[in-house]
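Q: Sharing final.pdb below, PDB, C-alpha atoms:
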```pdb
ATOM      1  CA  MET A 976       0.000   0.000   0.000
ATOM      2  CA  SER A 977       1.541   3.325  -1.007
ATOM      3  CA  GLN A 978       1.837   6.167   1.495
ATOM      4  CA  THR A 979      -0.632   8.236  -0.539
ATOM      5  CA  HIS A 980      -3.097   5.335  -0.480
ATOM      6  CA  SER A 981      -2.531   4.912   3.279
ATOM      7  CA  ASN A 982      -3.255   8.596   3.877
ATOM      8  CA  GLN A 983      -6.414   8.388   1.750
ATOM      9  CA  ALA A 984      -7.619   5.313   3.623
ATOM     10  CA  TYR A 985      -6.966   7.055   6.926
ATOM     11  CA  GLN A 986      -8.881  10.157   5.847
ATOM     12  CA  SER A 987     -11.740   8.043   4.451
ATOM     13  CA  SER A 988     -12.141   6.191   7.738
ATOM     14  CA  GLN A 989     -12.446   9.518   9.541
ATOM     15  CA  LYS A 990     -15.176  10.615   7.126
ATOM     16  CA  LEU A 991     -17.046   7.366   7.695
ATOM     17  CA  GLY A 992     -17.373   8.170  11.369
ATOM     18  CA  ALA A 993     -14.375   6.468  12.922
ATOM     19  CA  GLY A 994     -12.801   8.860  15.395
ATOM     20  CA  ALA A 995      -9.222   9.833  14.631
ATOM     21  CA  ARG A 996      -8.007   8.636  18.023
ATOM     22  CA  GLN A 997      -9.663   5.232  17.592
ATOM     23  CA  THR A 998      -8.339   4.881  14.036
ATOM     24  CA  GLU A 999      -4.809   5.689  15.151
ATOM     25  CA  ALA A1000      -5.071   3.300  18.103
ATOM     26  CA  ARG A1001      -6.270   0.445  15.895
ATOM     27  CA  ALA A1002      -3.461   1.083  13.381
ATOM     28  CA  LEU A1003      -0.832   1.062  16.132
ATOM     29  CA  LEU A1004      -2.254  -2.139  17.632
ATOM     30  CA  GLU A1005      -2.299  -3.851  14.234
ATOM     31  CA  ALA A1006       1.334  -2.890  13.624
ATOM     32  CA  ALA A1007       2.226  -4.155  17.125
ATOM     33  CA  ARG A1008       0.392  -7.426  16.446
ATOM     34  CA  ARG A1009       2.328  -7.985  13.231
ATOM     35  CA  LEU A1010       5.627  -7.179  14.913
ATOM     36  CA  SER A1011       4.719  -9.551  17.733
ATOM     37  CA  GLU A1012       3.948 -12.383  15.333
ATOM     38  CA  VAL A1013       7.331 -12.185  13.648
ATOM     39  CA  SER A1014       9.164 -11.827  16.945
ATOM     40  CA  ILE A1015       7.789 -15.218  17.989
ATOM     41  CA  GLU A1016       8.482 -17.042  14.724
ATOM     42  CA  ASN A1017      11.324 -15.266  12.985
ATOM     43  CA  ASP A1018      12.165 -17.958  10.435
ATOM     44  CA  ASP A1019      11.187 -15.768   7.483
ATOM     45  CA  GLN A1020      13.124 -12.518   7.041
ATOM     46  CA  THR A1021      10.503 -11.374   4.529
ATOM     47  CA  ASP A1022       7.782 -11.262   7.206
ATOM     48  CA  TYR A1023      10.191  -9.644   9.671
ATOM     49  CA  ARG A1024      11.062  -6.862   7.234
ATOM     50  CA  ALA A1025       7.431  -6.410   6.112
ATOM     51  CA  ALA A1026       6.263  -5.949   9.711
ATOM     52  CA  LEU A1027       9.022  -3.422  10.407
ATOM     53  CA  ARG A1028       8.269  -1.502   7.221
ATOM     54  CA  LEU A1029       4.538  -1.403   8.007
ATOM     55  CA  ASN A1030       5.262   0.043  11.446
ATOM     56  CA  TRP A1031       7.763   2.500   9.977
ATOM     57  CA  ARG A1032       5.239   3.611   7.359
ATOM     58  CA  LEU A1033       2.633   4.184  10.068
ATOM     59  CA  TRP A1034       5.045   6.312  12.086
ATOM     60  CA  THR A1035       5.992   8.245   8.941
ATOM     61  CA  ILE A1036       2.309   9.108   8.501
ATOM     62  CA  ILE A1037       2.166  10.177  12.147
ATOM     63  CA  GLN A1038       5.257  12.363  11.604
ATOM     64  CA  ALA A1039       3.675  13.992   8.558
ATOM     65  CA  ASP A1040       0.494  14.701  10.506
ATOM     66  CA  ILE A1041       2.405  16.189  13.444
ATOM     67  CA  ALA A1042       4.445  18.405  11.101
ATOM     68  CA  SER A1043       1.321  19.647   9.340
ATOM     69  CA  GLY A1044       0.299  23.205  10.098
ATOM     70  CA  GLU A1045      -3.284  21.966  10.426
ATOM     71  CA  ASN A1046      -2.465  19.761  13.422
ATOM     72  CA  ALA A1047      -4.062  21.326  16.496
ATOM     73  CA  LEU A1048      -2.109  19.432  19.159
ATOM     74  CA  PRO A1049      -0.232  21.554  21.689
ATOM     75  CA  SER A1050       3.403  22.240  20.762
ATOM     76  CA  GLU A1051       4.749  20.196  23.682
ATOM     77  CA  ILE A1052       2.828  17.085  22.628
ATOM     78  CA  LYS A1053       3.898  17.553  19.000
ATOM     79  CA  ALA A1054       7.534  17.777  20.101
ATOM     80  CA  ASN A1055       7.222  14.634  22.240
ATOM     81  CA  VAL A1056       5.563  12.610  19.473
ATOM     82  CA  MET A1057       8.124  13.818  16.928
ATOM     83  CA  SER A1058      10.970  12.866  19.268
ATOM     84  CA  LEU A1059       9.437   9.429  19.759
ATOM     85  CA  SER A1060       8.996   8.949  16.015
ATOM     86  CA  ILE A1061      12.648   9.873  15.409
ATOM     87  CA  PHE A1062      13.631   7.218  17.962
ATOM     88  CA  ILE A1063      11.411   4.726  16.111
ATOM     89  CA  ASP A1064      13.078   5.663  12.803
ATOM     90  CA  LYS A1065      16.561   5.016  14.200
ATOM     91  CA  HIS A1066      15.546   1.838  15.988
ATOM     92  CA  THR A1067      13.834   0.507  12.866
ATOM     93  CA  VAL A1068      16.885   1.188  10.696
ATOM     94  CA  GLY A1069      18.988  -0.720  13.225
ATOM     95  CA  ALA A1070      16.544  -3.632  13.285
ATOM     96  CA  LEU A1071      16.521  -3.791   9.484
ATOM     97  CA  ALA A1072      20.329  -3.566   9.233
ATOM     98  CA  GLU A1073      20.916  -6.273  11.846
ATOM     99  CA  PRO A1074      17.784  -8.455  12.060
ATOM    100  CA  ASP A1075      17.042  -9.659  15.569
ATOM    101  CA  SER A1076      13.545 -10.382  16.846
ATOM    102  CA  GLY A1077      14.627  -9.112  20.266
ATOM    103  CA  LYS A1078      14.776  -5.588  18.820
ATOM    104  CA  LEU A1079      11.042  -5.594  18.127
ATOM    105  CA  GLY A1080       9.924  -5.568  21.763
ATOM    106  CA  VAL A1081      10.490  -1.847  22.275
ATOM    107  CA  LEU A1082       8.509  -1.001  19.121
ATOM    108  CA  ILE A1083       5.667  -3.275  20.195
ATOM    109  CA  GLU A1084       5.520  -1.693  23.669
ATOM    110  CA  ILE A1085       5.599   1.868  22.295
ATOM    111  CA  ASN A1086       2.729   1.109  19.904
ATOM    112  CA  ARG A1087       0.661  -0.573  22.613
ATOM    113  CA  ASN A1088       1.242   2.217  25.117
ATOM    114  CA  ILE A1089       0.396   4.981  22.651
ATOM    115  CA  ALA A1090      -2.692   3.054  21.489
ATOM    116  CA  SER A1091      -3.806   2.617  25.091
ATOM    117  CA  GLY A1092      -3.535   6.344  25.668
ATOM    118  CA  LEU A1093      -5.453   7.104  22.488
ATOM    119  CA  MET A1094      -8.286   4.796  23.524
ATOM    120  CA  GLU A1095      -8.791   6.593  26.822
ATOM    121  CA  THR A1096     -11.470   9.257  26.883
ATOM    122  CA  PRO A1097      -9.932  12.621  27.675
ATOM    123  CA  ASP A1098     -11.042  14.019  31.016
ATOM    124  CA  GLN A1099     -13.884  16.417  30.568
ATOM    125  CA  GLU A1100     -14.326  19.508  32.652
ATOM    126  CA  ILE A1101     -16.303  18.919  35.777
ATOM    127  CA  VAL A1102     -19.264  21.220  35.697
ATOM    128  CA  GLN A1103     -20.494  22.443  39.039
ATOM    129  CA  ILE A1104     -24.261  22.540  39.139
ATOM    130  CA  PRO A1105     -25.458  25.314  41.427
ATOM    131  CA  GLN A1106     -27.516  23.916  44.225
ATOM    132  CA  GLN A1107     -30.753  25.650  44.932
ATOM    133  CA  ASN A1108     -32.134  25.550  48.426
ATOM    134  CA  ALA A1109     -28.707  24.886  49.942
ATOM    135  CA  THR A1110     -27.769  26.084  53.409
ATOM    136  CA  PRO A1111     -24.440  27.871  54.035
ATOM    137  CA  SER A1112     -22.977  24.509  55.127
ATOM    138  CA  GLY A1113     -23.872  23.005  51.744
ATOM    139  CA  ASP A1114     -26.762  20.856  52.971
ATOM    140  CA  ILE A1115     -29.730  20.740  50.645
ATOM    141  CA  VAL A1116     -33.044  21.667  52.146
ATOM    142  CA  ALA A1117     -36.089  20.054  50.595
TER     143      ALA A1117
END
```
Hey, can you dump this file as structure tokens for me?
A:
Amino acid sequence: MSQTHSNQAYQSSQKLGAGARQTEARALLEAARRLSEVSIENDDQTDYRAALRLNWRLWTIIQADIASGENALPSEIKANVMSLSIFIDKHTVGALAEPDSGKLGVLIEINRNIASGLMETPDQEIVQIPQQNATPSGDIVA
């Protein structure tokens, strides 16, 4: 799947009603699953490299989104995600240059942790409802 096609599929899923956070979480979990499968049975270098490239492609899309002027995330979060994606780039290059299924664990954990955070509902503001008929001590009088 080309990067352009990946971006189009991502945008289409958002239009169909899938929330961006949920879409990103599912993509990260799928990449982690594929990395996990090849880390268990690493007999085929083709599968190993394909799983790494899929994860790398996903993180490249994330990098492009973070770098976009349209991204509304706070600057600090953008910087943290970009730093993490640069780490993933370097780690992936190392894992491709010297194949070792042990190198996949950190990528799997990062994807799972980020996906877990994306699946959480952000805390909403607690709205204080004014109490009518309340005494100065806060007790409600019927």
Q: Which residues of segment 997-1052 of chain A have any atom within 8 Å of an atom in segment 1057-1079 of chain A when counting all atoms listed in the file, and what is the closest pair of atoms for each, with the distance in Å to one decimal? Order the rows by chain and rising number and write it as a tab-separated table.
A:
```
residue	atom	partner	partner_atom	distance
A:Leu1010	CA	A:Leu1079	CA	6.5
A:Ser1011	CA	A:Leu1079	CA	7.5
A:Val1013	CA	A:Ser1076	CA	7.2
A:Ser1014	CA	A:Ser1076	CA	4.6
A:Ile1015	CA	A:Ser1076	CA	7.6
A:Asn1017	CA	A:Ser1076	CA	6.6
A:Gln1020	CA	A:Pro1074	CA	8.0
A:Tyr1023	CA	A:Ser1076	CA	8.0
A:Arg1024	CA	A:Leu1071	CA	6.7
A:Leu1027	CA	A:Thr1067	CA	6.7
A:Trp1031	CA	A:Asp1064	CA	6.8
A:Trp1034	CA	A:Ser1060	CA	6.2
A:Thr1035	CA	A:Ser1060	CA	7.7
A:Ile1037	CA	A:Ser1060	CA	7.9
A:Gln1038	CA	A:Met1057	CA	6.2
A:Ile1041	CA	A:Met1057	CA	7.1
```
Q: Can you list, as an MDAnalysis selection string, the residues that the PyMOL selection byres ((chain A and resi 1005-1008) around 12) selects here?
A: chainID A and resid 998:1004 1009:1015 1023 1025:1034 1079:1090
Q: What does the file look like for those residues with C-alpha atoms, as a compact mmCIF listing (two decimals), in the coordinates of the input?
A:
```txt
# COMPACT_ATOMS: atom_id res chain seq x y z
CA THR A 998 -8.34 4.88 14.04
CA GLU A 999 -4.81 5.69 15.15
CA ALA A 1000 -5.07 3.30 18.10
CA ARG A 1001 -6.27 0.44 15.90
CA ALA A 1002 -3.46 1.08 13.38
CA LEU A 1003 -0.83 1.06 16.13
CA LEU A 1004 -2.25 -2.14 17.63
CA ARG A 1009 2.33 -7.98 13.23
CA LEU A 1010 5.63 -7.18 14.91
CA SER A 1011 4.72 -9.55 17.73
CA GLU A 1012 3.95 -12.38 15.33
CA VAL A 1013 7.33 -12.18 13.65
CA SER A 1014 9.16 -11.83 16.94
CA ILE A 1015 7.79 -15.22 17.99
CA TYR A 1023 10.19 -9.64 9.67
CA ALA A 1025 7.43 -6.41 6.11
CA ALA A 1026 6.26 -5.95 9.71
CA LEU A 1027 9.02 -3.42 10.41
CA ARG A 1028 8.27 -1.50 7.22
CA LEU A 1029 4.54 -1.40 8.01
CA ASN A 1030 5.26 0.04 11.45
CA TRP A 1031 7.76 2.50 9.98
CA ARG A 1032 5.24 3.61 7.36
CA LEU A 1033 2.63 4.18 10.07
CA TRP A 1034 5.04 6.31 12.09
CA LEU A 1079 11.04 -5.59 18.13
CA GLY A 1080 9.92 -5.57 21.76
CA VAL A 1081 10.49 -1.85 22.28
CA LEU A 1082 8.51 -1.00 19.12
CA ILE A 1083 5.67 -3.28 20.20
CA GLU A 1084 5.52 -1.69 23.67
CA ILE A 1085 5.60 1.87 22.30
CA ASN A 1086 2.73 1.11 19.90
CA ARG A 1087 0.66 -0.57 22.61
CA ASN A 1088 1.24 2.22 25.12
CA ILE A 1089 0.40 4.98 22.65
CA ALA A 1090 -2.69 3.05 21.49
```
Q: So how far away is atom CA of Ser1091 of chain A from atom CA of Ala1039 of chain A, in Å?
A: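 A separation of 21.4 Å between them.
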Q: Find the distance between atom CA of Asp1040 of chain A and atom CA of Thr1021 of chain A and write it in Å to one decimal.
A: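 About the pair atom CA of Asp1040 of chain A and atom CA of Thr1021 of chain A: they are 28.6 Å apart.
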Q: So how far away is atom CA of Lys1053 of chain A from atom CA of Met1094 of chain A, in Å?
A: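 Those two atoms sit 18.2 Å apart.
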Q: Box time for segment 1017-1035 of chain A: axis-aligned, enclosing all its listed atoms, 4 Å extra on each side; report centre and edge lengths in Å to one decimal, as lines of an AutoDock Vina configuration file.
A:
```
center_x = 7.9
center_y = -4.9
center_z = 8.8
size_x = 18.5
size_y = 34.2
size_z = 16.5
```
